[in-house]
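Undergrad: One structure follows; several queries about it will come next.
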Amino acid sequence: MLINLTDVLTSEGKTEEQQVPIEMTDFSNGLEKYLILEKSLVDLKFSNIKKGKAQIDGKAKVVLKMSCDRCLKEVGEVIPLNFSRTVLAPDEITEGTDEEGDQTFMDGYQLNVEDLINDEILLGLPTKVLCKEDCKGICKQCGKNLNEGECGCDTFVPDPRMAVIKDIFNANKEV
Ligand SMILES: [Zn+2]
Ligand SMILES: [Zn+2]
């Protein structure tokens, strides 16, 4: 959806509020594509800061279908979006600067809501996804989901600290 911000960008002191739907049905971070399971409307507030400059405050929530980092089970990851961005009118932007790169979701005076939301989801993506805090993961040997019970594999991993002590012990013995 495109929203024309000409008024807000050019009229000093002007504010506007809008509630718009999110149209996209999935989100891609360039590597992976996630289905959007749920999404709220986006509450947007536009405020003129000075001539040619405006602030966009937004609030929304999306739920992405992601998988647990440990056991790969599918989870609905809630991504709350709360953002505040400053945008410039096209004639206020110095070409080739950061200003231009910061507002790729603007097309002239038009705000592309989908591009902005896409940007914000990217920033809000969790670095770790777990189906539950104490997910036991899957057995590295047989692949069983350990949340569903023990598999009986020998998963004894020697404590690395013990290995160090053993090395010291052996070193002493050689002397
Ligand atoms: Zn899990
Ligand atoms: Zn196993």
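Ligands are numbered from 1 in the order shown, chains are lettered A, B, ... in the order of the structure tokens, and residues start at 1 in each chain.
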Would you mind writing down, as JSON, numbers by chain, each residue of region 44-122 of chain A that DSSP on the backbone assigns to helix (DSSP H, G or I)?

TA: {"A": [90, 91, 92, 98, 99, 100, 101, 102, 113, 114, 115, 116, 117, 118, 119, 120, 121, 122]}

Undergrad: Considering only C-alpha atoms and all ligand atoms, tabulate each residue of chain A that lies at most 6 Å from ligand 2 along with its nearest interatomic pair and the corresponding distance in Å to one decimal; arrange the rows by chain and ascending residue number and present them as a Markdown table.

TA:
```
| residue | atom | partner | partner_atom_place_in_ligand_line | distance |
| --- | --- | --- | --- | --- |
| A:Cys139 | CA | ligand 2 | 1 (Zn) | 4.6 |
| A:Gln141 | CA | ligand 2 | 1 (Zn) | 5.0 |
| A:Cys142 | CA | ligand 2 | 1 (Zn) | 4.0 |
| A:Lys144 | CA | ligand 2 | 1 (Zn) | 5.7 |
| A:Cys151 | CA | ligand 2 | 1 (Zn) | 4.5 |
| A:Gly152 | CA | ligand 2 | 1 (Zn) | 5.9 |
| A:Cys153 | CA | ligand 2 | 1 (Zn) | 4.3 |
```

Undergrad: For the selection just defined, write its residues with N, CA, C and O atoms to a file, as a compact mmCIF listing (two decimals), in the first residue's frame.

TA:
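Contents of selection.txt, as written:
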```txt
# COMPACT_ATOMS: atom_id res chain seq x y z
N CYS A 139 18.45 -35.68 19.27
CA CYS A 139 19.65 -36.48 19.52
C CYS A 139 20.55 -36.41 18.28
O CYS A 139 20.09 -36.60 17.16
N GLN A 141 22.73 -38.39 17.46
CA GLN A 141 23.03 -39.71 16.90
C GLN A 141 21.86 -40.35 16.17
O GLN A 141 22.02 -40.87 15.08
N CYS A 142 20.66 -40.30 16.77
CA CYS A 142 19.54 -41.00 16.12
C CYS A 142 18.48 -40.03 15.59
O CYS A 142 17.57 -40.44 14.89
N LYS A 144 16.16 -38.40 17.23
CA LYS A 144 14.90 -38.35 17.97
C LYS A 144 14.74 -37.01 18.68
O LYS A 144 15.69 -36.46 19.20
N CYS A 151 16.17 -41.32 24.17
CA CYS A 151 16.28 -42.26 23.06
C CYS A 151 17.15 -43.44 23.41
O CYS A 151 17.17 -44.45 22.72
N GLY A 152 17.93 -43.30 24.48
CA GLY A 152 18.76 -44.42 24.88
C GLY A 152 20.14 -44.45 24.26
O GLY A 152 20.93 -45.36 24.52
N CYS A 153 20.45 -43.46 23.42
CA CYS A 153 21.79 -43.41 22.83
C CYS A 153 22.80 -43.03 23.90
O CYS A 153 22.45 -42.37 24.87
```

Undergrad: Can you tell me which residues sit at most 9 Å away from ligand 1, counting only C-alpha atoms and all ligand atoms, written as a JSON list (two decimals) with N, CA, C and O atoms, in the first residue's frame?

TA:
```
[["chain", "number", "residue", "atom", "x", "y", "z"],
["A", 67, "SER", "N", 11.14, -22.13, 12.71],
["A", 67, "SER", "CA", 11.36, -23.42, 13.35],
["A", 67, "SER", "C", 12.38, -23.30, 14.48],
["A", 67, "SER", "O", 13.30, -22.49, 14.42],
["A", 68, "CYS", "N", 12.17, -24.11, 15.49],
["A", 68, "CYS", "CA", 13.01, -24.12, 16.68],
["A", 68, "CYS", "C", 14.45, -24.43, 16.27],
["A", 68, "CYS", "O", 14.69, -25.35, 15.51],
["A", 69, "ASP", "N", 15.39, -23.65, 16.78],
["A", 69, "ASP", "CA", 16.80, -23.84, 16.46],
["A", 69, "ASP", "C", 17.33, -25.19, 16.94],
["A", 69, "ASP", "O", 18.30, -25.69, 16.41],
["A", 70, "ARG", "N", 16.70, -25.73, 17.97],
["A", 70, "ARG", "CA", 17.22, -26.98, 18.54],
["A", 70, "ARG", "C", 16.53, -28.23, 18.00],
["A", 70, "ARG", "O", 17.17, -29.22, 17.71],
["A", 71, "CYS", "N", 15.18, -28.20, 17.92],
["A", 71, "CYS", "CA", 14.49, -29.44, 17.54],
["A", 71, "CYS", "C", 13.75, -29.31, 16.20],
["A", 71, "CYS", "O", 13.14, -30.27, 15.74],
["A", 72, "LEU", "N", 13.80, -28.12, 15.59],
["A", 72, "LEU", "CA", 13.19, -27.86, 14.29],
["A", 72, "LEU", "C", 11.66, -27.85, 14.27],
["A", 72, "LEU", "O", 11.05, -27.73, 13.21],
["A", 73, "LYS", "N", 11.05, -27.97, 15.44],
["A", 73, "LYS", "CA", 9.60, -27.92, 15.50],
["A", 73, "LYS", "C", 9.12, -26.53, 15.06],
["A", 73, "LYS", "O", 9.77, -25.52, 15.32],
["A", 74, "GLU", "N", 7.98, -26.50, 14.40],
["A", 74, "GLU", "CA", 7.47, -25.21, 13.93],
["A", 74, "GLU", "C", 6.87, -24.41, 15.08],
["A", 74, "GLU", "O", 6.14, -24.93, 15.91],
["A", 75, "VAL", "N", 7.22, -23.15, 15.13],
["A", 75, "VAL", "CA", 6.67, -22.27, 16.16],
["A", 75, "VAL", "C", 6.14, -20.99, 15.54],
["A", 75, "VAL", "O", 6.59, -20.57, 14.48],
["A", 129, "VAL", "N", 15.51, -18.86, 17.99],
["A", 129, "VAL", "CA", 14.12, -19.28, 18.06],
["A", 129, "VAL", "C", 14.05, -20.61, 18.80],
["A", 129, "VAL", "O", 14.71, -21.57, 18.41],
["A", 130, "LEU", "N", 13.30, -20.63, 19.87],
["A", 130, "LEU", "CA", 13.13, -21.88, 20.63],
["A", 130, "LEU", "C", 11.65, -22.16, 20.80],
["A", 130, "LEU", "O", 10.86, -21.25, 21.02],
["A", 131, "CYS", "N", 11.29, -23.46, 20.71],
["A", 131, "CYS", "CA", 9.88, -23.82, 20.88],
["A", 131, "CYS", "C", 9.49, -23.64, 22.34],
["A", 131, "CYS", "O", 8.35, -23.35, 22.67],
["A", 132, "LYS", "N", 10.46, -23.84, 23.23],
["A", 132, "LYS", "CA", 10.28, -23.54, 24.65],
["A", 132, "LYS", "C", 11.66, -23.32, 25.24],
["A", 132, "LYS", "O", 12.66, -23.79, 24.70],
["A", 133, "GLU", "N", 11.67, -22.59, 26.34],
["A", 133, "GLU", "CA", 12.93, -22.17, 26.96],
["A", 133, "GLU", "C", 13.91, -23.33, 27.16],
["A", 133, "GLU", "O", 15.08, -23.21, 26.91],
["A", 134, "ASP", "N", 13.38, -24.49, 27.61],
["A", 134, "ASP", "CA", 14.27, -25.60, 27.94],
["A", 134, "ASP", "C", 14.19, -26.73, 26.90],
["A", 134, "ASP", "O", 14.29, -27.90, 27.24],
["A", 135, "CYS", "N", 14.01, -26.35, 25.64],
["A", 135, "CYS", "CA", 13.95, -27.37, 24.59],
["A", 135, "CYS", "C", 15.20, -28.25, 24.63],
["A", 135, "CYS", "O", 16.31, -27.76, 24.69],
["A", 136, "LYS", "N", 14.98, -29.54, 24.61],
["A", 136, "LYS", "CA", 16.11, -30.48, 24.73],
["A", 136, "LYS", "C", 16.76, -30.78, 23.38],
["A", 136, "LYS", "O", 17.78, -31.45, 23.31],
["A", 137, "GLY", "N", 16.12, -30.33, 22.30],
["A", 137, "GLY", "CA", 16.71, -30.55, 20.98],
["A", 137, "GLY", "C", 16.54, -31.97, 20.48],
["A", 137, "GLY", "O", 15.74, -32.73, 21.01],
["A", 138, "ILE", "N", 17.31, -32.29, 19.45],
["A", 138, "ILE", "CA", 17.21, -33.65, 18.91],
["A", 138, "ILE", "C", 18.53, -34.38, 19.16],
["A", 138, "ILE", "O", 19.58, -33.76, 19.25],
["A", 145, "ASN", "N", 13.50, -36.52, 18.67],
["A", 145, "ASN", "CA", 13.19, -35.29, 19.40],
["A", 145, "ASN", "C", 13.19, -35.63, 20.89],
["A", 145, "ASN", "O", 12.34, -36.34, 21.37],
["A", 147, "ASN", "N", 12.48, -33.96, 23.41],
["A", 147, "ASN", "CA", 11.38, -33.43, 24.21],
["A", 147, "ASN", "C", 10.31, -34.51, 24.38],
["A", 147, "ASN", "O", 9.47, -34.44, 25.26]]
```

Undergrad: Using CA of Ile79 (chain A) and CA of Ile121 (chain A) as the two end points, give the distance in Å to one decimal.

TA: 7.1 Å

Undergrad: For each of A:Ser47, A:Thr94, A:Thr25, A:Asn82, take the minimum atom-to-atom distance to Leu64 (chain A), counting only C-alpha atoms, then give the residue where this is smallest.

TA: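 Among the listed residues, the smallest separation from Leu64 (chain A) belongs to A:Thr25.
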
Undergrad: Which of these, A:Glu114, A:Asp57, A:Glu148, A:Asp154, has the shortest distance to Asp26 (chain A) once you count only C-alpha atoms?

TA: A:Glu114

Undergrad: Would you work out the distance separating CA of Asn112 (chain A) from CA of Asp98 (chain A), expressed in Å to one decimal?

TA: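 Taking CA of Asn112 (chain A) and CA of Asp98 (chain A), their separation equals 18.7 Å.
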
Undergrad: Rounded to one decimal in Å, what is the spacing between CA of Thr97 (chain A) and CA of Ile3 (chain A)?

TA: 24.0 Å

Undergrad: Which residues, written as a PDB file with C-alpha atoms, in the first residue's frame, have at least one atom at most 9 Å from Ile117 (chain A), with only C-alpha atoms counted and residues fewer than 2 positions away on the same chain left out?

TA:
```
ATOM      1  CA  ILE A  22      -0.352  -5.471   5.976  1.00  0.00           C
ATOM      2  CA  VAL A  42      -0.404  -1.097  11.313  1.00  0.00           C
ATOM      3  CA  ALA A  60       2.072  -3.531  14.510  1.00  0.00           C
ATOM      4  CA  LEU A  81       6.978  -3.910  15.645  1.00  0.00           C
ATOM      5  CA  PHE A 105      10.716   2.426   1.506  1.00  0.00           C
ATOM      6  CA  ASN A 112       5.479   2.088   0.595  1.00  0.00           C
ATOM      7  CA  VAL A 113       4.022   0.492   3.733  1.00  0.00           C
ATOM      8  CA  GLU A 114       4.981  -3.053   2.712  1.00  0.00           C
ATOM      9  CA  ASP A 115       8.628  -2.102   2.199  1.00  0.00           C
ATOM     10  CA  ASP A 119      12.420  -3.535   6.833  1.00  0.00           C
ATOM     11  CA  GLU A 120      11.100  -3.537  10.373  1.00  0.00           C
ATOM     12  CA  ILE A 121      10.482  -7.296  10.487  1.00  0.00           C
ATOM     13  CA  LEU A 122      14.074  -7.780   9.340  1.00  0.00           C
TER      14      LEU A 122
END
```

Undergrad: Measuring between only C-alpha atoms, which one of A:Leu35, A:Lys50, A:Ile56, A:Leu2 shows the shortest distance to Glu17 (chain A)?

TA: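 Closest to Glu17 (chain A) of all the choices is A:Ile56.
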